[in-house]
$ cat query_6.tsv   # TSV, C-alpha atoms and all ligand atoms
chain	number	residue	atom	x	y	z
A	1	MET	CA	93.66	-31.54	113.20
A	2	VAL	CA	90.02	-32.64	113.39
A	3	THR	CA	88.60	-34.57	116.29
A	4	PRO	CA	86.42	-37.30	114.78
A	5	PRO	CA	82.72	-36.97	115.53
A	6	ARG	CA	81.11	-39.52	117.84
A	7	TYR	CA	78.46	-41.48	116.04
A	8	PRO	CA	75.65	-43.28	117.85
A	9	GLU	CA	76.29	-47.02	117.49
A	10	ASP	CA	72.72	-48.04	116.71
A	11	MET	CA	72.40	-45.81	113.66
A	12	GLY	CA	73.73	-47.88	110.81
A	13	VAL	CA	73.48	-47.02	107.14
A	14	GLU	CA	72.47	-49.55	104.54
A	15	LYS	CA	75.53	-50.86	102.72
A	16	PRO	CA	75.32	-50.11	99.00
A	17	ARG	CA	74.53	-53.05	96.75
A	18	GLY	CA	77.51	-52.33	94.55
A	19	LEU	CA	80.04	-49.61	93.89
A	20	SER	CA	81.94	-48.29	90.92
A	21	PRO	CA	85.75	-48.17	90.89
A	22	SER	CA	85.61	-44.39	91.28
A	23	SER	CA	83.42	-44.64	94.38
A	24	PHE	CA	85.95	-46.93	96.07
A	25	SER	CA	88.52	-44.30	95.36
A	26	ALA	CA	86.17	-41.62	96.75
A	27	PHE	CA	85.79	-43.54	100.04
A	28	LYS	CA	89.55	-43.76	100.34
A	29	ASP	CA	89.91	-40.02	99.72
A	30	CYS	CA	87.25	-38.92	102.20
A	31	PRO	CA	84.66	-41.17	103.85
A	32	LEU	CA	82.34	-38.23	104.66
A	33	ALA	CA	82.29	-36.91	101.08
A	34	PHE	CA	81.71	-40.52	99.96
A	35	ARG	CA	78.69	-40.77	102.25
A	36	PHE	CA	77.24	-37.46	101.06
A	37	SER	CA	77.70	-38.38	97.42
A	38	TYR	CA	77.18	-42.14	97.13
A	39	LEU	CA	74.93	-43.01	100.09
A	40	ASP	CA	72.89	-39.84	100.69
A	41	ARG	CA	73.00	-38.97	96.99
A	42	LEU	CA	73.22	-35.29	97.79
A	43	PRO	CA	73.30	-33.47	94.48
A	44	GLN	CA	76.31	-31.33	93.69
A	45	PRO	CA	76.10	-28.23	91.55
A	46	PRO	CA	77.18	-28.98	87.99
A	47	SER	CA	80.76	-28.11	87.12
A	48	ALA	CA	81.86	-26.88	83.73
A	49	ALA	CA	84.72	-29.40	83.66
A	50	ALA	CA	82.47	-32.39	84.34
A	51	SER	CA	79.79	-31.21	81.88
A	52	LYS	CA	82.42	-30.68	79.20
A	53	GLY	CA	83.57	-34.24	79.82
A	54	THR	CA	80.02	-35.52	79.38
A	55	LEU	CA	79.66	-33.59	76.12
A	56	VAL	CA	82.92	-34.90	74.66
A	57	HIS	CA	82.20	-38.47	75.77
A	58	ARG	CA	78.83	-38.36	74.00
A	59	ALA	CA	80.39	-36.91	70.83
A	60	LEU	CA	82.98	-39.71	70.74
A	61	GLU	CA	80.28	-42.30	71.41
A	62	LEU	CA	78.31	-40.97	68.41
A	63	LEU	CA	81.47	-41.04	66.31
A	64	MET	CA	82.06	-44.70	67.19
A	65	LEU	CA	78.48	-45.53	66.22
A	66	ARG	CA	79.33	-44.50	62.65
A	67	ASP	CA	80.70	-46.93	60.08
A	68	ALA	CA	84.49	-47.02	60.41
A	69	PRO	CA	85.35	-45.00	57.24
A	70	ALA	CA	82.98	-42.23	58.34
A	71	ARG	CA	84.87	-41.57	61.58
A	72	THR	CA	86.46	-38.37	60.33
A	73	ILE	CA	87.16	-35.04	62.01
A	74	PRO	CA	84.31	-33.21	60.19
A	75	ASN	CA	81.88	-35.94	61.24
A	76	ALA	CA	83.22	-35.85	64.80
A	77	LEU	CA	82.48	-32.10	64.90
A	78	THR	CA	78.97	-32.81	63.57
A	79	ASP	CA	78.60	-35.37	66.38
A	80	LEU	CA	79.79	-32.76	68.87
A	81	ASP	CA	77.03	-30.42	67.65
A	82	ARG	CA	74.49	-33.20	67.96
A	83	ALA	CA	75.67	-34.01	71.48
A	84	ARG	CA	75.41	-30.33	72.36
A	85	THR	CA	71.77	-30.23	71.16
A	86	GLU	CA	70.93	-33.49	72.95
A	87	LEU	CA	72.36	-32.33	76.26
A	88	ALA	CA	71.34	-28.66	76.18
A	89	ARG	CA	68.34	-29.17	78.47
A	90	HIS	CA	70.07	-31.50	80.90
A	91	PRO	CA	70.52	-29.81	84.31
A	92	ASP	CA	74.29	-30.39	84.11
A	93	PHE	CA	74.21	-27.92	81.23
A	94	SER	CA	71.12	-25.77	81.73
A	95	GLU	CA	72.10	-25.07	85.35
A	96	LEU	CA	75.69	-24.15	84.58
A	97	ASP	CA	76.16	-20.54	85.51
A	98	LEU	CA	78.37	-19.32	82.65
A	99	THR	CA	78.60	-16.02	80.83
A	100	VAL	CA	78.32	-15.89	77.05
A	101	ASP	CA	82.12	-15.69	76.80
A	102	GLU	CA	82.52	-18.63	79.16
A	103	TRP	CA	80.05	-20.68	77.11
A	104	ASP	CA	82.04	-19.82	73.96
A	105	ARG	CA	85.21	-21.00	75.66
A	106	PHE	CA	83.43	-24.12	76.95
A	107	HIS	CA	82.43	-25.15	73.42
A	108	ALA	CA	85.77	-24.16	71.90
A	109	ASP	CA	87.56	-26.31	74.51
A	110	ALA	CA	85.23	-29.24	73.77
A	111	GLU	CA	86.08	-28.93	70.07
A	112	VAL	CA	89.81	-28.90	70.85
A	113	LEU	CA	89.42	-32.09	72.90
A	114	VAL	CA	87.57	-33.82	70.06
A	115	ARG	CA	90.22	-32.75	67.53
A	116	LYS	CA	93.04	-33.92	69.84
A	117	TYR	CA	91.41	-37.33	70.11
A	118	PHE	CA	92.45	-37.89	66.48
A	119	GLU	CA	96.10	-37.41	67.48
A	120	LEU	CA	95.86	-40.41	69.80
A	121	GLU	CA	94.46	-43.02	67.46
A	122	ASP	CA	92.89	-43.58	64.05
A	123	PRO	CA	89.22	-44.19	64.82
A	124	THR	CA	88.66	-45.90	61.47
A	125	THR	CA	90.74	-48.84	62.77
A	126	ILE	CA	88.71	-49.34	65.95
A	127	VAL	CA	86.32	-52.28	66.22
A	128	PRO	CA	84.02	-51.38	69.11
A	129	ILE	CA	81.85	-54.14	70.58
A	130	GLY	CA	80.46	-52.08	73.45
A	131	LEU	CA	79.96	-48.34	74.03
A	132	GLU	CA	79.00	-46.88	77.40
A	133	LEU	CA	78.84	-50.51	78.47
A	134	ARG	CA	77.24	-51.15	81.86
A	135	LEU	CA	78.82	-54.01	83.79
A	136	ALA	CA	78.12	-55.50	87.20
A	137	ALA	CA	80.00	-58.33	88.84
A	138	THR	CA	80.51	-59.84	92.25
A	139	ILE	CA	84.17	-60.73	92.56
A	140	GLY	CA	84.93	-62.50	95.83
A	141	THR	CA	82.94	-60.47	98.34
A	142	VAL	CA	83.09	-57.24	96.33
A	143	GLN	CA	80.11	-56.03	94.36
A	144	LEU	CA	81.33	-53.91	91.48
A	145	ARG	CA	79.46	-52.01	88.84
A	146	GLY	CA	80.50	-49.44	86.35
A	147	ILE	CA	80.30	-48.10	82.84
A	148	ILE	CA	83.08	-48.70	80.32
A	149	ASP	CA	83.43	-45.97	77.69
A	150	ARG	CA	84.46	-48.41	75.00
A	151	LEU	CA	85.16	-52.13	74.74
A	152	GLU	CA	86.76	-53.17	71.48
A	153	LEU	CA	88.56	-55.96	69.68
A	154	ASP	CA	92.19	-55.54	68.64
A	155	PRO	CA	93.46	-56.98	65.30
A	156	ASP	CA	94.04	-60.35	67.04
A	157	GLY	CA	90.46	-60.46	68.31
A	158	GLU	CA	91.53	-59.70	71.88
A	159	LEU	CA	89.58	-57.41	74.22
A	160	VAL	CA	90.71	-53.83	74.85
A	161	VAL	CA	89.10	-51.43	77.35
A	162	THR	CA	89.31	-47.72	76.54
A	163	ASP	CA	88.46	-44.88	78.88
A	164	TYR	CA	88.40	-41.27	77.62
A	165	LYS	CA	89.67	-38.64	80.03
A	166	THR	CA	89.00	-34.95	79.50
A	167	GLY	CA	90.86	-33.69	82.57
A	168	SER	CA	94.59	-33.15	82.82
A	169	VAL	CA	97.04	-36.03	82.90
A	170	PRO	CA	97.52	-37.07	86.56
A	171	GLY	CA	100.80	-36.96	88.43
A	172	GLU	CA	102.47	-40.24	89.33
A	173	LYS	CA	100.53	-40.70	92.59
A	174	TYR	CA	97.15	-40.19	90.95
A	175	GLU	CA	98.15	-42.25	87.92
A	176	ILE	CA	98.53	-45.29	90.20
A	177	LYS	CA	95.07	-44.57	91.61
A	178	ARG	CA	93.55	-44.26	88.15
A	179	LEU	CA	95.17	-47.49	87.04
A	180	ALA	CA	93.76	-49.27	90.09
A	181	GLY	CA	90.30	-48.37	88.81
A	182	VAL	CA	91.27	-49.59	85.38
A	183	HIS	CA	92.33	-52.98	86.74
A	184	MET	CA	88.93	-53.22	88.45
A	185	TYR	CA	87.29	-52.70	85.06
A	186	ALA	CA	89.54	-55.39	83.62
A	187	ALA	CA	88.45	-57.72	86.43
A	188	MET	CA	84.80	-57.00	85.66
A	189	VAL	CA	85.25	-57.70	81.95
A	190	GLN	CA	87.07	-60.94	82.74
A	191	HIS	CA	84.32	-61.97	85.16
A	192	VAL	CA	81.41	-61.13	82.86
A	193	LEU	CA	82.87	-62.16	79.48
A	194	GLY	CA	85.21	-64.91	80.67
A	195	LYS	CA	88.20	-63.30	78.99
A	196	ARG	CA	90.80	-60.90	80.36
A	197	PRO	CA	91.41	-57.74	78.30
A	198	VAL	CA	94.92	-57.65	76.88
A	199	ARG	CA	95.08	-53.89	77.21
A	200	VAL	CA	93.39	-51.13	79.14
A	201	GLN	CA	94.02	-47.58	77.96
A	202	LEU	CA	93.24	-44.19	79.38
A	203	LEU	CA	93.12	-41.64	76.57
A	204	TYR	CA	93.89	-38.21	78.02
A	205	LEU	CA	92.57	-35.93	75.31
A	206	SER	CA	93.85	-32.63	76.68
A	207	LYS	CA	97.58	-33.33	76.22
A	208	PRO	CA	96.94	-35.69	74.35
A	209	GLU	CA	98.49	-38.76	75.96
A	210	ALA	CA	97.57	-42.41	76.30
A	211	ILE	CA	98.31	-44.30	79.50
A	212	ILE	CA	98.27	-47.98	78.65
A	213	THR	CA	98.46	-50.95	80.98
A	214	THR	CA	98.43	-54.69	80.43
A	215	PRO	CA	96.35	-56.46	83.06
A	216	SER	CA	97.70	-59.73	84.40
A	217	ASP	CA	96.32	-62.27	86.86
A	218	GLN	CA	98.75	-60.82	89.39
A	219	SER	CA	97.75	-57.16	88.84
A	220	ILE	CA	94.04	-57.95	88.97
A	221	THR	CA	94.44	-60.12	92.07
A	222	GLY	CA	96.44	-57.39	93.82
A	223	VAL	CA	93.92	-54.66	93.07
A	224	MET	CA	90.97	-56.86	94.01
A	225	ARG	CA	92.63	-57.75	97.32
A	226	LYS	CA	92.88	-54.05	98.18
A	227	THR	CA	89.32	-53.47	96.94
A	228	ASP	CA	88.11	-56.31	99.17
A	229	ALA	CA	89.69	-54.58	102.17
A	230	LEU	CA	88.04	-51.29	101.18
A	231	TRP	CA	84.67	-53.03	100.70
A	232	SER	CA	84.97	-54.40	104.27
A	233	ALA	CA	85.91	-50.94	105.55
A	234	ILE	CA	82.84	-49.46	103.82
A	235	GLY	CA	80.70	-52.19	105.41
A	236	ARG	CA	82.07	-51.34	108.88
A	237	ALA	CA	81.56	-47.62	108.28
A	238	CYS	CA	77.94	-48.30	107.27
A	239	GLU	CA	77.30	-50.50	110.32
A	240	ARG	CA	78.56	-47.78	112.66
A	241	ASP	CA	77.48	-44.81	110.55
A	242	ASP	CA	81.06	-43.67	110.93
A	243	PHE	CA	82.12	-41.59	107.96
A	244	ARG	CA	84.83	-39.18	109.01
A	245	PRO	CA	86.04	-36.18	107.08
A	246	SER	CA	89.52	-36.61	105.68
A	247	THR	CA	90.99	-33.28	104.65
A	248	GLY	CA	93.34	-32.89	101.71
A	249	PRO	CA	93.78	-31.07	98.41
A	250	LEU	CA	90.41	-32.38	97.16
A	251	CYS	CA	88.66	-30.20	99.78
A	252	ASN	CA	89.34	-27.25	97.46
A	253	TRP	CA	86.89	-28.72	94.94
A	254	CYS	CA	84.48	-30.37	97.40
A	255	ALA	CA	80.88	-29.21	96.95
A	256	TYR	CA	80.11	-30.39	100.50
A	257	LYS	CA	82.72	-28.19	102.18
A	258	PRO	CA	80.11	-25.76	103.61
A	259	TYR	CA	78.60	-28.75	105.47
A	260	CYS	CA	81.87	-30.37	106.49
A	261	PRO	CA	82.62	-30.41	110.24
A	262	ALA	CA	86.34	-30.23	109.45
A	263	TYR	CA	85.63	-26.68	108.24
A	264	GLY	CA	83.11	-25.78	110.94
A	265	GLY	CA	80.10	-26.85	108.86
A	266	ASP	CA	77.04	-28.75	110.00
A	267	PRO	CA	76.39	-32.01	108.08
A	268	LEU	CA	72.69	-31.83	108.92
A	269	GLN	CA	72.38	-28.69	106.83
A	270	ALA	CA	73.53	-30.66	103.79
A	271	ALA	CA	69.96	-31.96	103.55
A	272	GLU	CA	69.10	-28.61	101.96
A	273	LEU	CA	70.88	-29.87	98.85
A	274	LEU	CA	67.99	-32.34	98.45
A	275	GLY	CA	65.47	-29.51	98.29
A	276	PRO	CA	62.84	-28.26	100.74
A	277	GLY	CA	61.55	-30.59	103.46
A	278	GLN	CA	64.13	-33.34	102.97
A	279	MET	CA	66.05	-35.16	105.67
A	280	ILE	CA	69.19	-37.24	105.52
A	281	GLU	CA	68.41	-40.59	107.13
A	282	PRO	CA	69.69	-41.71	109.48
A	283	THR	CA	70.51	-38.38	111.00
A	284	LEU	CA	74.11	-37.28	110.67
A	285	PRO	CA	75.99	-36.02	113.73
A	286	LEU	CA	75.66	-32.33	114.40
A	287	ALA	CA	79.20	-31.14	114.62
A	288	THR	CA	82.78	-31.81	115.47
A	289	THR	CA	85.53	-29.60	116.74
A	290	SER	CA	88.93	-28.69	115.48
A	291	ALA	CA	91.96	-29.01	117.70
B	1	LIG	S1	85.65	-30.65	102.54
B	1	LIG	FE1	87.29	-32.18	102.50
B	1	LIG	S2	87.11	-33.27	104.45
B	1	LIG	FE2	85.19	-32.18	104.13
B	1	LIG	S3	83.81	-33.62	103.13
B	1	LIG	FE3	84.81	-32.46	101.50
B	1	LIG	S4	86.63	-33.68	100.95
B	1	LIG	FE4	85.90	-34.41	102.94

$ encode --input "query_6.tsv" --output "structure tokens"
Amino acid sequence: MVTPPRYPEDMGVEKPRGLSPSSFSAFKDCPLAFRFSYLDRLPQPPSAAASKGTLVHRALELLMLRDAPARTIPNALTDLDRARTELARHPDFSELDLTVDEWDRFHADAEVLVRKYFELEDPTTIVPIGLELRLAATIGTVQLRGIIDRLELDPDGELVVTDYKTGSVPGEKYEIKRLAGVHMYAAMVQHVLGKRPVRVQLLYLSKPEAIITTPSDQSITGVMRKTDALWSAIGRACERDDFRPSTGPLCNWCAYKPYCPAYGGDPLQAAELLGPGQMIEPTLPLATTSA
């Protein structure tokens, strides 16, 4: 068990102006990792899984920019090639430390994901009205912002939100968490466009499987009530600069683990992730002890 660090009371952190649904979830998972990532903006080394997701998202965005009849598998693979060229010099790709074989597997996996997308829906029937759509809304006291992969109209002219997922399909516990984020997106769309989406769908390309939910006033109100409580908790954590590590399975993938006091690390050293001569402000506590 970890004894929480003592934080000086006069060292607050500026509360963020707005947060994405995934960052609310990150705070719930581990306040310290949230601070490192969303407040201190400490860069994390690129991961092959995340970069592959970026590549496939861009390919599907390019596909949706085509006229409907042209959204075919051969064109999708052309779009994947174009996305690959576009992103090749981005640090998330150029700094990936992969062997030639691993790169081959990376691109083969991306192609499989694009092909599997066609098993989930017929893209020639989709009527997109927004791609990589940036939204920001203040709902109650909560300031939300985020990017929707695809906003479209169904045959009845109703709004549908679609989110592509390139990771594995979550277990039941994580599915509830993912859907909470989805309801936040539905709330944002309703707030900004004045109309509630009739459907929100998560398209898991790897299986492939679609998780579909129908937002209602009740579901949106319930999720926003919980988000409001989290927003207040983030505000209090910022006022007190009190972001405690919360250990769990996610620690296995946490890029900040070497700096995490729960594992004997020193949060101050995390400043090295910013590059030479950088400081995290205000200063993080030096250490904590394990009991
Ligand atoms: S290693 Fe675990 S407890 Fe530490 S910051 Fe990362 S997620 Fe939080």

$ closest_residue --input "query_6.tsv" --among "A:Lys257, A:Lys52, A:Arg89, A:Lys15" --to "ligand LIG 1 (chain B)" --atoms "only C-alpha atoms and all ligand atoms"
A:Lys257

$ residues_around --input "query_6.tsv" --residues "range 184-196 of chain A" --least-positions-apart "4" --cutoff "9 Å" --atoms "all atoms listed in the file" --output "ChimeraX atom specification"
/A:20-21,135-139,144-148,158-161,179-180,200,215-217,220-221,223-224,227

$ atom_distance --input "query_6.tsv" --atom1 "CA of Val142 in chain A" --atom2 "CA of Asp228 in chain A"
5.8 Å

$ residues_near_ligand --input "query_6.tsv" --ligand "ligand LIG 1 (chain B)" --cutoff "10 Å" --atoms "all atoms listed in the file" --output "number ranges by chain"
A: 2, 26-27, 29-37, 243-265, 267

$ closest_residue --input "query_6.tsv" --among "A:Leu133, A:Ala50, A:Met64, A:Leu80" --to "Ala108 in chain A" --atoms "only C-alpha atoms"
A:Leu80

$ closest_residue --input "query_6.tsv" --among "A:Leu203, A:Glu14, A:Thr141, A:Glu111" --to "Pro74 in chain A" --atoms "all atoms listed in the file"
A:Glu111

$ closest_residue --input "query_6.tsv" --among "A:Val182, A:Val112, A:Leu153, A:Ile126" --to "Ala68 in chain A" --atoms "all atoms listed in the file"
A:Ile126

$ closest_residue --input "query_6.tsv" --among "A:His183, A:Asp241, A:Ala270, A:Thr54" --to "Ser22 in chain A" --atoms "all atoms listed in the file"
A:His183

$ axis_aligned_box --input "query_6.tsv" --around "range 40-56 of chain A" --padding-each-side "5 Å" --output "lines of an AutoDock Vina configuration file"
center_x = 78.8
center_y = -33.4
center_z = 87.7
size_x = 21.8
size_y = 23.0
size_z = 36.0

$ build_atoms --input "query_6.tsv" --residues "range 70-83 of chain A" --atoms "N, CA and C atoms" --output "PDB file, in the frame of the given file"
ATOM      1  N   ALA A  70      83.623 -43.535  58.123  1.00  0.00           N
ATOM      2  CA  ALA A  70      82.980 -42.230  58.340  1.00  0.00           C
ATOM      3  C   ALA A  70      83.462 -41.554  59.625  1.00  0.00           C
ATOM      4  N   ARG A  71      84.392 -42.163  60.315  1.00  0.00           N
ATOM      5  CA  ARG A  71      84.870 -41.570  61.580  1.00  0.00           C
ATOM      6  C   ARG A  71      85.964 -40.552  61.271  1.00  0.00           C
ATOM      7  N   THR A  72      85.539 -39.429  60.735  1.00  0.00           N
ATOM      8  CA  THR A  72      86.460 -38.370  60.330  1.00  0.00           C
ATOM      9  C   THR A  72      86.308 -37.166  61.259  1.00  0.00           C
ATOM     10  N   ILE A  73      87.250 -36.239  61.163  1.00  0.00           N
ATOM     11  CA  ILE A  73      87.160 -35.040  62.010  1.00  0.00           C
ATOM     12  C   ILE A  73      85.884 -34.235  61.705  1.00  0.00           C
ATOM     13  N   PRO A  74      85.558 -33.970  60.426  1.00  0.00           N
ATOM     14  CA  PRO A  74      84.310 -33.210  60.190  1.00  0.00           C
ATOM     15  C   PRO A  74      83.088 -33.902  60.787  1.00  0.00           C
ATOM     16  N   ASN A  75      83.031 -35.238  60.660  1.00  0.00           N
ATOM     17  CA  ASN A  75      81.880 -35.940  61.240  1.00  0.00           C
ATOM     18  C   ASN A  75      81.916 -35.890  62.771  1.00  0.00           C
ATOM     19  N   ALA A  76      83.113 -35.932  63.333  1.00  0.00           N
ATOM     20  CA  ALA A  76      83.220 -35.850  64.800  1.00  0.00           C
ATOM     21  C   ALA A  76      82.702 -34.490  65.278  1.00  0.00           C
ATOM     22  N   LEU A  77      82.969 -33.430  64.505  1.00  0.00           N
ATOM     23  CA  LEU A  77      82.480 -32.100  64.900  1.00  0.00           C
ATOM     24  C   LEU A  77      80.957 -32.021  64.730  1.00  0.00           C
ATOM     25  N   THR A  78      80.434 -32.715  63.707  1.00  0.00           N
ATOM     26  CA  THR A  78      78.970 -32.810  63.570  1.00  0.00           C
ATOM     27  C   THR A  78      78.395 -33.541  64.783  1.00  0.00           C
ATOM     28  N   ASP A  79      79.073 -34.603  65.213  1.00  0.00           N
ATOM     29  CA  ASP A  79      78.600 -35.370  66.380  1.00  0.00           C
ATOM     30  C   ASP A  79      78.683 -34.523  67.649  1.00  0.00           C
ATOM     31  N   LEU A  80      79.691 -33.655  67.706  1.00  0.00           N
ATOM     32  CA  LEU A  80      79.790 -32.760  68.870  1.00  0.00           C
ATOM     33  C   LEU A  80      78.591 -31.804  68.892  1.00  0.00           C
ATOM     34  N   ASP A  81      78.215 -31.303  67.736  1.00  0.00           N
ATOM     35  CA  ASP A  81      77.030 -30.420  67.650  1.00  0.00           C
ATOM     36  C   ASP A  81      75.777 -31.165  68.076  1.00  0.00           C
ATOM     37  N   ARG A  82      75.682 -32.413  67.610  1.00  0.00           N
ATOM     38  CA  ARG A  82      74.490 -33.200  67.960  1.00  0.00           C
ATOM     39  C   ARG A  82      74.452 -33.451  69.466  1.00  0.00           C
ATOM     40  N   ALA A  83      75.604 -33.775  70.029  1.00  0.00           N
ATOM     41  CA  ALA A  83      75.670 -34.010  71.480  1.00  0.00           C
ATOM     42  C   ALA A  83      75.266 -32.745  72.231  1.00  0.00           C
TER      43      ALA A  83
END
